[in-house]
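Trainee: Sharing data-v4.cif, mmCIF, C-alpha atoms:
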data_final
#
loop_
_atom_site.label_atom_id
_atom_site.label_comp_id
_atom_site.auth_asym_id
_atom_site.auth_seq_id
_atom_site.Cartn_x
_atom_site.Cartn_y
_atom_site.Cartn_z
CA MET A 23 96.28 125.41 1.43
CA ALA A 24 94.93 124.65 -2.09
CA ASN A 25 96.88 121.38 -2.23
CA GLN A 26 95.50 120.30 1.11
CA GLN A 27 91.93 120.99 -0.04
CA ASP A 28 92.43 118.91 -3.18
CA ASN A 29 93.66 115.99 -1.11
CA VAL A 30 90.62 116.14 1.10
CA ASP A 31 88.27 116.18 -1.88
CA ASP A 32 90.03 113.24 -3.48
CA VAL A 33 89.71 111.13 -0.26
CA THR A 34 86.03 112.03 0.07
CA LYS A 35 85.34 111.00 -3.53
CA LYS A 36 87.05 107.64 -3.20
CA THR A 37 85.34 106.91 0.11
CA GLY A 38 81.96 107.57 -1.41
CA GLU A 39 82.57 105.02 -4.21
CA MET A 40 83.41 102.22 -1.68
CA SER A 41 80.86 99.45 -0.90
CA LEU A 42 80.67 96.67 1.67
CA ASN A 43 80.93 92.98 0.71
CA VAL A 44 78.33 91.23 2.81
CA GLY A 45 79.56 87.83 1.72
CA ALA A 46 83.05 88.32 3.08
CA LYS A 47 84.29 86.08 5.86
CA ALA A 48 84.28 87.39 9.40
CA PHE A 49 87.61 88.65 10.58
CA VAL A 50 89.22 86.35 13.15
CA PRO A 51 92.39 87.64 14.77
CA LYS A 52 95.26 85.22 14.97
CA PHE A 53 98.08 85.22 17.49
CA ASN A 54 101.63 84.11 16.92
CA VAL A 55 102.27 81.57 19.65
CA LYS A 56 105.96 81.49 18.76
CA ALA A 57 106.40 85.16 19.41
CA PRO A 58 108.58 86.01 22.45
CA ALA A 59 106.84 86.99 25.66
CA PHE A 60 106.29 90.65 26.21
CA ALA A 61 108.80 92.18 28.57
CA PRO A 62 108.16 95.80 29.56
CA ARG A 63 111.10 98.08 29.36
CA LYS A 64 112.01 100.95 31.55
CA ALA A 65 110.48 104.10 30.22
CA THR A 66 112.95 106.70 29.12
CA GLN A 67 112.36 110.41 28.99
CA PRO A 68 111.42 111.39 25.44
CA ALA A 69 113.66 113.84 23.79
CA ALA A 70 112.34 117.34 23.27
CA PRO A 71 111.22 117.89 19.66
CA VAL A 72 113.21 120.40 17.70
CA ALA A 73 111.23 122.99 15.86
CA ALA A 74 112.12 123.17 12.15
CA ALA A 75 112.92 126.53 10.58
CA PRO A 76 110.20 127.76 8.19
CA ALA A 77 110.94 128.12 4.53
CA GLU A 78 111.55 131.58 3.19
CA GLY A 79 108.57 133.32 1.80
CA ALA A 80 106.06 130.65 2.90
CA GLY A 81 102.92 132.14 4.29
CA VAL A 82 102.23 129.85 7.19
CA ALA A 83 100.90 130.45 10.66
CA LYS A 84 103.23 130.98 13.50
CA PRO A 85 104.28 127.67 14.99
CA MET A 86 103.20 126.74 18.55
CA THR A 87 106.18 125.67 20.56
CA ILE A 88 105.57 123.07 23.30
CA SER A 89 108.32 122.26 25.73
CA ILE A 90 108.36 118.71 27.20
CA GLY A 91 111.00 118.12 29.78
CA GLY A 92 112.98 121.21 28.85
CA SER A 93 112.91 124.71 27.44
CA SER A 94 112.26 125.57 23.83
CA SER A 95 115.18 126.14 21.49
CA ASN A 96 113.24 128.29 19.03
CA ASN A 97 114.47 131.84 19.20
CA THR A 98 112.78 133.16 16.08
CA THR A 99 109.19 133.09 17.20
CA GLU A 100 107.37 133.90 20.41
CA ALA A 101 106.22 130.74 22.25
CA VAL A 102 102.78 130.29 23.74
CA ALA A 103 102.88 130.34 27.52
CA VAL A 104 102.29 126.80 28.83
CA PRO A 105 102.52 125.48 32.38
CA LYS A 106 105.91 124.51 33.56
CA PRO A 107 106.49 120.77 33.57
CA ALA A 108 105.92 118.97 36.90
CA THR A 109 108.80 116.95 38.23
CA ILE A 110 107.84 113.50 39.58
CA SER A 111 110.44 111.54 41.55
CA ILE A 112 109.89 107.82 42.18
CA GLY A 113 112.65 106.15 44.14
CA GLU A 114 115.43 108.32 42.75
CA ALA A 115 116.21 111.91 41.88
CA SER A 116 114.63 113.40 38.81
CA THR A 117 116.72 114.23 35.75
CA SER A 118 114.34 116.91 34.59
CA GLN A 119 115.88 120.32 33.94
CA ALA A 120 112.84 122.22 35.12
CA PRO A 121 113.73 125.44 36.93
CA ALA A 122 113.90 125.15 40.61
CA ALA A 123 112.48 126.95 43.08
CA THR A 124 109.45 128.45 44.14
CA ASP A 125 107.18 126.96 41.48
CA ALA A 126 108.07 123.32 42.14
CA ALA A 127 105.09 120.95 42.30
CA PRO A 128 104.32 119.08 45.56
CA ALA A 129 105.62 115.55 45.93
CA ALA A 130 103.30 112.75 44.87
CA GLU A 131 101.72 110.41 47.40
CA PRO A 132 103.66 107.22 48.04
CA THR A 133 102.61 104.17 46.10
CA PRO A 134 101.43 101.00 47.87
CA ALA A 135 104.81 99.44 47.23
CA GLU A 136 106.57 102.26 49.05
CA SER A 137 104.14 102.27 52.01
CA SER A 138 104.55 98.52 52.47
CA VAL A 139 108.28 98.96 52.78
CA ASP A 140 108.02 101.56 55.52
CA SER A 141 105.15 99.99 57.55
CA PRO A 142 106.10 97.55 60.38
CA ALA A 143 105.60 93.87 59.78
CA PRO A 144 102.65 92.27 61.62
CA GLU A 145 103.53 90.57 64.95
CA ASN A 146 103.67 86.83 65.29
CA PRO A 147 100.43 85.59 66.97
CA ALA A 148 102.42 83.24 69.19
CA ILE A 149 104.63 86.09 70.41
CA GLU A 150 101.60 88.29 71.02
CA ALA A 151 99.86 85.52 73.02
CA ALA A 152 103.00 84.94 75.09
CA THR A 153 103.23 88.67 75.80
CA ASN A 154 99.62 88.76 76.99
CA GLU A 155 100.20 85.72 79.19
CA VAL A 156 103.22 87.36 80.82
CA ALA A 157 101.17 90.52 81.44
CA VAL A 158 98.42 88.45 83.12
CA GLU A 159 100.98 86.65 85.30
CA GLU A 160 102.52 89.95 86.38
CA GLU A 161 99.06 91.27 87.28
CA GLU A 162 98.34 88.11 89.32
CA GLU A 163 101.68 88.48 91.13
CA GLU A 164 100.76 92.06 92.03
CA ASP A 165 97.41 90.82 93.35
CA ASP A 166 99.19 88.12 95.38
CA ASP A 167 101.57 90.68 96.89
CA GLU A 168 98.63 92.92 97.79
CA LEU A 169 96.75 90.00 99.38
CA PHE A 170 99.70 88.80 101.44
CA ASN A 171 100.38 92.35 102.60
CA GLU A 172 96.81 92.48 103.91
CA HIS A 173 96.98 88.97 105.44
CA THR A 174 100.43 88.94 107.02
CA LYS A 175 99.49 86.51 109.81
CA GLU A 176 98.46 82.93 109.24
CA HIS A 177 94.89 82.05 110.16
CA THR A 178 94.26 78.86 112.14
CA ASN A 179 90.85 77.40 113.04
CA VAL A 180 90.75 75.66 116.45
CA ILE A 181 87.80 73.56 117.62
CA PHE A 182 87.21 72.72 121.30
CA ILE A 183 85.67 69.25 121.69
CA GLY A 184 84.94 66.93 124.60
CA HIS A 185 82.23 65.65 126.88
CA VAL A 186 79.57 67.95 128.31
CA ASP A 187 80.71 69.97 131.37
CA ALA A 188 84.37 69.39 130.56
CA GLY A 189 84.95 73.17 130.56
CA LYS A 190 85.17 73.93 126.82
CA SER A 191 83.22 77.21 126.83
CA THR A 192 84.90 78.36 130.05
CA LEU A 193 88.33 77.73 128.53
CA GLY A 194 87.39 79.55 125.33
CA GLY A 195 85.98 82.55 127.20
CA ASN A 196 89.10 82.83 129.35
CA ILE A 197 91.28 82.79 126.22
CA LEU A 198 89.27 85.70 124.80
CA PHE A 199 89.72 87.61 128.08
CA LEU A 200 93.46 86.90 128.40
CA THR A 201 94.14 87.93 124.79
CA GLY A 202 92.18 91.19 125.13
CA MET A 203 89.30 90.30 122.81
CA VAL A 204 86.84 90.77 125.71
CA ASP A 205 87.59 93.72 127.98
CA LYS A 206 87.51 93.62 131.76
CA ARG A 207 84.35 95.73 132.01
CA THR A 208 82.38 93.31 129.84
CA MET A 209 83.65 90.34 131.82
CA GLU A 210 82.64 92.01 135.09
CA LYS A 211 79.17 92.50 133.63
CA TYR A 212 78.98 88.79 132.78
CA GLU A 213 80.16 87.90 136.28
CA ARG A 214 77.51 90.11 137.88
CA GLU A 215 74.72 88.70 135.70
CA ALA A 216 75.86 85.11 136.34
CA LYS A 217 75.88 85.73 140.09
CA GLU A 218 72.35 87.08 139.95
CA ALA A 219 71.29 83.93 138.05
CA GLY A 220 72.97 81.67 140.61
CA ARG A 221 75.64 80.54 138.16
CA ASP A 222 78.73 82.16 139.61
CA SER A 223 81.30 79.96 137.86
CA TRP A 224 79.68 80.18 134.43
CA TYR A 225 80.44 83.80 133.64
CA LEU A 226 83.53 83.00 131.54
CA SER A 227 81.50 80.74 129.26
CA TRP A 228 79.02 83.54 128.56
CA ALA A 229 81.57 85.14 126.25
CA LEU A 230 80.83 82.28 123.83
CA ASP A 231 77.36 81.14 124.92
CA THR A 232 75.41 84.20 123.82
CA ASN A 233 71.74 83.14 123.74
CA GLN A 234 69.54 82.86 126.79
CA GLU A 235 68.87 79.13 126.42
CA GLU A 236 72.57 78.28 126.59
CA ARG A 237 73.15 80.57 129.54
CA ALA A 238 70.17 79.27 131.47
CA LYS A 239 71.01 75.58 131.05
CA GLY A 240 74.79 75.90 130.95
CA LYS A 241 74.95 73.79 127.79
CA THR A 242 76.22 74.84 124.39
CA VAL A 243 73.61 74.17 121.72
CA GLU A 244 75.16 75.62 118.56
CA CYS A 245 78.80 75.64 117.50
CA GLY A 246 79.96 79.04 118.78
CA ARG A 247 82.54 81.11 116.96
CA ALA A 248 84.95 83.77 118.21
CA PHE A 249 88.28 85.27 117.18
CA PHE A 250 91.52 86.10 118.94
CA GLU A 251 95.03 87.00 117.89
CA THR A 252 98.57 86.46 119.15
CA ASP A 253 101.86 87.94 118.03
CA LYS A 254 102.30 85.18 115.45
CA ARG A 255 98.87 84.07 114.24
CA ARG A 256 95.16 84.79 114.02
CA TYR A 257 92.77 82.18 115.42
CA THR A 258 89.11 81.27 115.12
CA ILE A 259 87.62 79.44 118.11
CA LEU A 260 84.93 76.90 117.26
CA ASP A 261 83.16 75.93 120.49
CA ALA A 262 81.45 72.59 119.78
CA PRO A 263 78.51 71.40 121.90
CA GLY A 264 79.31 68.41 124.11
CA HIS A 265 75.83 66.92 124.47
CA LYS A 266 75.01 63.94 122.29
CA ASN A 267 71.80 65.58 121.04
CA PHE A 268 73.82 68.29 119.29
CA VAL A 269 76.38 66.14 117.47
CA PRO A 270 75.36 67.53 114.02
CA SER A 271 76.45 71.00 115.15
CA MET A 272 79.73 69.55 116.36
CA VAL A 273 80.32 67.87 112.99
CA GLY A 274 79.74 71.19 111.19
CA GLY A 275 82.41 72.82 113.32
CA ALA A 276 84.86 69.93 112.88
CA ALA A 277 84.63 70.30 109.10
CA GLN A 278 86.08 73.84 109.42
CA ALA A 279 88.87 73.07 111.92
CA ASP A 280 92.62 72.82 111.36
CA VAL A 281 93.50 71.86 114.95
CA ALA A 282 91.38 70.19 117.63
CA VAL A 283 91.65 70.72 121.40
CA LEU A 284 90.17 67.74 123.26
CA VAL A 285 89.18 69.09 126.69
CA ILE A 286 89.24 66.43 129.43
CA SER A 287 87.97 66.99 132.95
CA ALA A 288 90.45 65.61 135.47
CA ARG A 289 87.89 65.79 138.30
CA ARG A 290 87.21 62.46 139.93
CA GLY A 291 84.24 60.77 138.27
CA GLU A 292 83.82 63.26 135.39
CA PHE A 293 86.62 61.79 133.26
CA GLU A 294 85.27 58.28 133.73
CA THR A 295 81.75 59.41 132.80
CA GLY A 296 82.87 61.07 129.59
CA PHE A 297 85.30 58.38 128.48
CA GLU A 298 84.18 55.01 129.84
CA ARG A 299 80.41 55.18 130.25
CA GLY A 300 79.21 56.09 126.80
CA GLY A 301 80.30 59.74 126.95
CA GLN A 302 81.14 61.95 124.00
CA THR A 303 84.92 61.94 124.46
CA ARG A 304 85.42 58.89 122.26
CA GLU A 305 82.89 59.96 119.64
CA HIS A 306 84.31 63.47 119.30
CA ALA A 307 87.86 62.16 118.86
CA VAL A 308 86.73 59.84 116.08
CA LEU A 309 84.68 62.54 114.33
CA VAL A 310 87.48 65.12 114.17
CA LYS A 311 89.86 62.49 112.80
CA THR A 312 87.29 61.59 110.16
CA ALA A 313 86.90 65.30 109.30
CA GLY A 314 90.62 65.49 108.49
CA VAL A 315 92.04 67.14 111.62
CA ARG A 316 95.60 65.85 111.98
CA THR A 317 96.81 67.57 115.17
CA LEU A 318 95.10 66.89 118.51
CA ILE A 319 95.93 68.85 121.68
CA VAL A 320 94.61 67.12 124.80
CA ALA A 321 93.91 69.72 127.51
CA ILE A 322 93.71 68.03 130.92
CA ASN A 323 91.42 70.61 132.48
CA LYS A 324 90.32 71.25 136.10
CA MET A 325 93.69 70.24 137.53
CA ASP A 326 93.10 72.81 140.29
CA ASP A 327 90.02 70.97 141.53
CA PRO A 328 90.21 69.90 145.22
CA THR A 329 89.83 66.25 144.17
CA VAL A 330 92.95 66.53 142.00
CA GLY A 331 95.20 69.30 143.37
CA TRP A 332 97.63 69.18 140.41
CA ASP A 333 98.41 65.56 141.20
CA LYS A 334 100.78 63.98 138.68
CA ALA A 335 99.38 60.53 139.37
CA ARG A 336 95.91 61.65 138.23
CA TYR A 337 97.46 63.24 135.13
CA ASP A 338 99.32 60.01 134.28
CA GLU A 339 96.17 57.96 134.84
CA VAL A 340 94.18 60.05 132.34
CA THR A 341 96.92 60.04 129.70
CA SER A 342 97.53 56.30 130.03
CA LYS A 343 93.87 55.59 129.24
CA LEU A 344 93.57 58.08 126.39
CA THR A 345 96.76 57.24 124.47
CA PRO A 346 95.85 53.66 123.38
CA PHE A 347 92.40 54.76 122.23
CA LEU A 348 93.70 57.78 120.28
CA LYS A 349 96.39 55.65 118.68
CA LYS A 350 93.72 53.18 117.58
CA THR A 351 91.73 56.09 116.16
CA GLY A 352 94.62 57.03 113.86
CA TYR A 353 96.68 59.59 115.77
CA SER A 354 100.39 59.07 116.31
CA PRO A 355 101.31 59.60 119.99
CA LYS A 356 104.74 60.98 119.05
CA THR A 357 103.78 63.49 116.35
CA ASP A 358 100.03 64.13 116.47
CA ILE A 359 99.10 64.23 120.19
CA ILE A 360 100.15 66.90 122.73
CA TYR A 361 99.12 66.71 126.42
CA ILE A 362 98.87 69.91 128.52
CA PRO A 363 97.71 70.16 132.17
CA MET A 364 95.80 73.39 132.90
CA SER A 365 92.97 75.15 134.64
CA GLY A 366 90.56 76.87 132.27
CA TYR A 367 88.86 78.74 135.11
CA THR A 368 91.96 80.29 136.73
CA GLY A 369 93.91 80.58 133.46
CA ALA A 370 96.89 78.51 134.67
CA GLY A 371 98.58 76.90 131.68
CA VAL A 372 96.40 78.80 129.18
CA LYS A 373 98.43 81.88 128.24
CA ASP A 374 101.26 81.63 130.76
CA ARG A 375 102.92 78.47 131.93
CA VAL A 376 101.70 76.68 135.04
CA GLY A 377 104.72 77.62 137.13
CA SER A 378 105.14 76.61 140.75
CA ALA A 379 101.62 75.22 141.06
CA CYS A 380 102.68 72.26 138.92
CA SER A 381 106.40 71.78 139.36
CA TRP A 382 106.48 68.44 137.54
CA TYR A 383 105.34 69.99 134.20
CA THR A 384 107.77 72.33 132.45
CA GLY A 385 106.25 72.32 128.98
CA PRO A 386 104.67 75.22 127.07
CA SER A 387 101.22 76.68 127.70
CA LEU A 388 98.24 76.19 125.40
CA LEU A 389 98.75 79.41 123.39
CA GLU A 390 102.48 78.77 123.13
CA THR A 391 101.72 75.31 121.79
CA LEU A 392 99.30 76.70 119.20
CA ASP A 393 101.84 79.29 118.02
CA GLY A 394 104.51 76.60 117.71
CA LEU A 395 102.48 74.26 115.47
CA GLN A 396 103.56 73.64 111.90
CA SER A 397 101.92 75.89 109.33
CA VAL A 398 98.96 74.49 107.46
CA GLU A 399 99.34 74.30 103.69
CA ARG A 400 96.89 76.66 101.99
CA LYS A 401 95.72 76.61 98.37
CA THR A 402 95.53 80.36 97.89
CA ASN A 403 95.94 80.16 94.11
CA GLY A 404 93.50 77.27 93.68
CA PRO A 405 89.87 77.43 92.57
CA LEU A 406 87.45 79.00 95.02
CA ARG A 407 85.86 76.47 97.40
CA ILE A 408 83.69 77.55 100.36
CA PRO A 409 81.55 74.84 102.01
CA ILE A 410 78.54 76.71 103.42
CA SER A 411 77.92 76.01 107.09
CA GLU A 412 75.20 78.61 107.80
CA LYS A 413 72.76 80.69 105.75
CA TYR A 414 70.26 83.37 106.66
CA ARG A 415 68.64 86.44 105.11
CA ASP A 416 69.32 89.99 106.26
CA MET A 417 69.41 92.67 103.55
CA GLY A 418 70.24 89.89 101.11
CA THR A 419 71.48 86.33 101.50
CA ILE A 420 74.31 85.87 104.02
CA VAL A 421 76.33 82.65 104.16
CA SER A 422 79.25 81.66 106.36
CA GLY A 423 81.96 79.07 106.10
CA LYS A 424 85.66 78.44 105.80
CA ILE A 425 87.52 79.20 102.56
CA GLU A 426 89.14 75.87 101.73
CA SER A 427 90.96 77.15 98.63
CA GLY A 428 91.18 80.26 96.51
CA ARG A 429 90.43 83.86 97.45
CA ILE A 430 87.52 86.29 97.35
CA ARG A 431 87.13 90.02 96.82
CA ILE A 432 84.25 92.44 97.01
CA ASN A 433 82.25 92.57 93.73
CA GLN A 434 83.66 89.20 92.65
CA LYS A 435 81.41 86.90 90.61
CA MET A 436 80.97 83.35 91.93
CA MET A 437 79.00 80.25 91.01
CA LEU A 438 76.81 78.57 93.60
CA MET A 439 76.78 74.80 93.17
CA PRO A 440 75.03 72.53 92.37
CA GLU A 441 72.41 74.92 90.94
CA LYS A 442 75.13 76.80 88.98
CA HIS A 443 73.61 80.06 90.12
CA ILE A 444 75.80 83.13 89.51
CA CYS A 445 76.08 85.44 92.52
CA GLU A 446 78.17 88.46 93.51
CA VAL A 447 80.08 89.22 96.71
CA SER A 448 78.73 92.48 98.13
CA ASN A 449 80.38 92.39 101.59
CA ILE A 450 82.90 90.24 103.44
CA TYR A 451 82.72 89.96 107.24
CA GLY A 452 85.70 88.55 109.10
CA ALA A 453 86.75 88.65 112.74
CA ASN A 454 84.17 90.18 115.07
CA GLU A 455 81.88 90.96 112.13
CA ALA A 456 84.37 93.52 110.78
CA GLU A 457 84.14 94.28 107.07
CA GLU A 458 87.06 93.12 104.96
CA LYS A 459 88.03 93.84 101.37
CA THR A 460 89.59 90.43 100.69
CA ALA A 461 89.82 86.96 102.22
CA ILE A 462 92.09 84.04 101.40
CA SER A 463 92.23 80.31 101.95
CA GLY A 464 91.95 79.42 105.64
CA ASP A 465 89.83 82.43 106.63
CA ASN A 466 86.49 81.87 108.31
CA VAL A 467 84.01 84.38 106.84
#
Can you dump the structure from the file as structure tokens?

Mentor:
Amino acid sequence: MANQQDNVDDVTKKTGEMSLNVGAKAFVPKFNVKAPAFAPRKATQPAAPVAAAPAEGAGVAKPMTISIGGSSSNNTTEAVAVPKPATISIGEASTSQAPAATDAAPAAEPTPAESSVDSPAPENPAIEAATNEVAVEEEEEEDDDELFNEHTKEHTNVIFIGHVDAGKSTLGGNILFLTGMVDKRTMEKYEREAKEAGRDSWYLSWALDTNQEERAKGKTVECGRAFFETDKRRYTILDAPGHKNFVPSMVGGAAQADVAVLVISARRGEFETGFERGGQTREHAVLVKTAGVRTLIVAINKMDDPTVGWDKARYDEVTSKLTPFLKKTGYSPKTDIIYIPMSGYTGAGVKDRVGSACSWYTGPSLLETLDGLQSVERKTNGPLRIPISEKYRDMGTIVSGKIESGRIRINQKMMLMPEKHICEVSNIYGANEAEEKTAISGDNV
């Protein structure tokens, strides 16, 4: 201890005699650019220091033994209790000889390098986009299946055209009665009311002519609309007015039609008035062709009239005059025009075939002909297009028209053109004003 004290005093004395040279140059460290680059080496576990044996007779303090990585080898003195070394394992098993067991330290948290190895690699954006696209397509297919399950029958829009008093409304009303859309009790009520008004033969037309003006005058003013259904298809009847003053209403109905039924009166004098003397037969045929109607069914009506009596000569006379004109209009006589003799009042040739009353005609009836027509191509998956034919207000704005392409659902957002006004579908009314959840291309809503 005395020697150590002398050394300390000597250092203190020499340090006190030292002075600073203020004129010395500033120290600038220099680097050896030729020295090899530093390469870190793998750390090795340091060896445990070995405690040296004390000299005999030396009066020194008891040594403190510290164990690093192993137990102390000093058996002469009592070691100070220190915590047991923690064992850290990175990537491989530890070589430490620390005692096992119950006092082992918890494992360290994984390093970023380790976590990056175990975590999944990020997905390719292209693959993710393709997956989302497939999911959307599958959802659309499910929607299509649901729609087609709801709309199993094809919907066809049929317009009845022709000169005034040709029997269009009477034919349409009889179709509704024969297909069960108007019950017998309602038709008997119409017949009783028509008899009281002195219009006995008009009661069938009252199923389509609903307002008092039309019933009083016996003339259709607005394009009437009704629905009926067969075993194969669903139909919308569009009853166009025949008077020349109401041609705009007729044009609005023709724009919604898929098939046109040109009703011709075979009664002596009526056909000539409607076709040869400035009647509406010619004009209506041209208008429906311009509107895009490709199939034309010519119904030779009133064949049961006493002036005709189901005469084949009268039937041939009418068809021979109509065919050249319709061909000039743009219809092909072989593929686009179908002639059917019938009686809209008695129902002969409407639902059932004419039979023995007209032995020279063995073709199908009107409804059979409609069911046998080629299906109309629909753009169900196209953009939504609904030309508006009518609009009125009743607990909101109500519009009607034919869905030309696309589909609609309740609560669907739509854009009203050309104002680009965003609106929402709150209700959908289909046949007979019944509420529907969906509607597709071809439906009249």

Trainee: Taking only residues of region 328-441 of chain A that have an atom at most 12 Å from an atom of region 225-239 of chain A, what is each one's shortest atom pair and its distance in Å to one decimal, using only C-alpha atoms, in chain and number order, as a tab-separated table?

Mentor:
residue	atom	partner	partner_atom	distance
A:Gly366	CA	A:Leu226	CA	9.4
A:Tyr367	CA	A:Leu226	CA	7.7
A:Thr368	CA	A:Leu226	CA	10.3
A:Gly369	CA	A:Leu226	CA	10.8

Trainee: Considering all atoms listed in the file, return as a list in words whatever protein or nucleic-acid residues lie within 9 Å of Gly202 (chain A), sequence-local ones (same chain, fewer than 4 positions apart) excluded.

Mentor: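 My reading of the contact set: Ile197, Leu198, Lys206, Phe250 and Glu251 of chain A.
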
Trainee: Need to verify the contact set: region 412-418 of chain A, 10 Å, all atoms listed in the file, exclusion of same-chain residues closer than 3 positions in sequence. Can you return it as a list in words?

Mentor: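 Answer for this query is Gly274, Pro409, Val421, Ser422, Gly423 and Ser448 of chain A.
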
Trainee: When distances are computed from only C-alpha atoms, which of A:Asn179, A:Ser223, A:Thr329, A:Ser287 shows the smallest separation from Asp261 (chain A)?

Mentor: A:Asn179

Trainee: Please report the interatomic distance between CA of Val281 (chain A) and CA of Lys334 (chain A) in Å with one decimal.

Mentor: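 The value is 26.0 Å.
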
Trainee: Give as a list in words the residues that the PyMOL selection byres ((chain A and resi 242-248) around 8) matches when applied to the coordinates above.

Mentor: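 Listing what the PyMOL selection byres ((chain A and resi 242-248) around 8) selects in the shown file: Ser191, Leu230, Asp231, Glu236, Gly240, Lys241, Phe249, Phe250, Thr258, Ile259, Leu260, Asp261, Ala262, Pro263, Gly264, His265, Phe268, Ser271, Met272, Gly274, Gly275, Ala453 and Asn454 of chain A.
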
Trainee: What does the structure give for the distance between CA of Lys442 (chain A) and CA of Arg407 (chain A), in Å to one decimal?

Mentor: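 Calculated distance between CA of Lys442 (chain A) and CA of Arg407 (chain A) is 13.6 Å.
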
Trainee: Can I get a file of region 300-332 of chain A from the given structure, C-alpha atoms kept, as a PDB file, in the first residue's frame?

Mentor:
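Listed below is the output, result-v7.pdb:
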ATOM      1  CA  GLY A 300    -106.055   8.587 -97.429  1.00  0.00           C
ATOM      2  CA  GLY A 301    -106.613   6.302 -94.433  1.00  0.00           C
ATOM      3  CA  GLN A 302    -104.092   5.506 -91.725  1.00  0.00           C
ATOM      4  CA  THR A 303    -103.266   1.967 -92.873  1.00  0.00           C
ATOM      5  CA  ARG A 304    -100.429   3.108 -95.114  1.00  0.00           C
ATOM      6  CA  GLU A 305     -99.082   5.679 -92.667  1.00  0.00           C
ATOM      7  CA  HIS A 306     -99.049   3.269 -89.725  1.00  0.00           C
ATOM      8  CA  ALA A 307     -97.197   0.612 -91.729  1.00  0.00           C
ATOM      9  CA  VAL A 308     -94.514   3.118 -92.696  1.00  0.00           C
ATOM     10  CA  LEU A 309     -94.163   4.466 -89.143  1.00  0.00           C
ATOM     11  CA  VAL A 310     -93.639   1.083 -87.473  1.00  0.00           C
ATOM     12  CA  LYS A 311     -91.035   0.170 -90.084  1.00  0.00           C
ATOM     13  CA  THR A 312     -89.262   3.459 -89.419  1.00  0.00           C
ATOM     14  CA  ALA A 313     -89.398   2.736 -85.659  1.00  0.00           C
ATOM     15  CA  GLY A 314     -87.462  -0.498 -86.223  1.00  0.00           C
ATOM     16  CA  VAL A 315     -90.226  -3.120 -86.053  1.00  0.00           C
ATOM     17  CA  ARG A 316     -89.103  -5.984 -88.283  1.00  0.00           C
ATOM     18  CA  THR A 317     -92.004  -8.460 -88.010  1.00  0.00           C
ATOM     19  CA  LEU A 318     -95.487  -7.500 -89.208  1.00  0.00           C
ATOM     20  CA  ILE A 319     -98.548  -9.698 -88.615  1.00  0.00           C
ATOM     21  CA  VAL A 320    -101.488  -8.676 -90.808  1.00  0.00           C
ATOM     22  CA  ALA A 321    -104.763  -9.605 -89.079  1.00  0.00           C
ATOM     23  CA  ILE A 322    -107.600  -9.680 -91.625  1.00  0.00           C
ATOM     24  CA  ASN A 323    -110.346  -8.874 -89.141  1.00  0.00           C
ATOM     25  CA  LYS A 324    -114.174  -8.992 -89.376  1.00  0.00           C
ATOM     26  CA  MET A 325    -114.153 -12.046 -91.633  1.00  0.00           C
ATOM     27  CA  ASP A 326    -117.439 -13.073 -89.973  1.00  0.00           C
ATOM     28  CA  ASP A 327    -119.205  -9.949 -91.225  1.00  0.00           C
ATOM     29  CA  PRO A 328    -122.300 -10.662 -93.388  1.00  0.00           C
ATOM     30  CA  THR A 329    -120.682  -8.796 -96.299  1.00  0.00           C
ATOM     31  CA  VAL A 330    -117.715 -11.192 -96.198  1.00  0.00           C
ATOM     32  CA  GLY A 331    -118.824 -14.522 -94.691  1.00  0.00           C
ATOM     33  CA  TRP A 332    -115.278 -15.956 -94.525  1.00  0.00           C
TER      34      TRP A 332
END
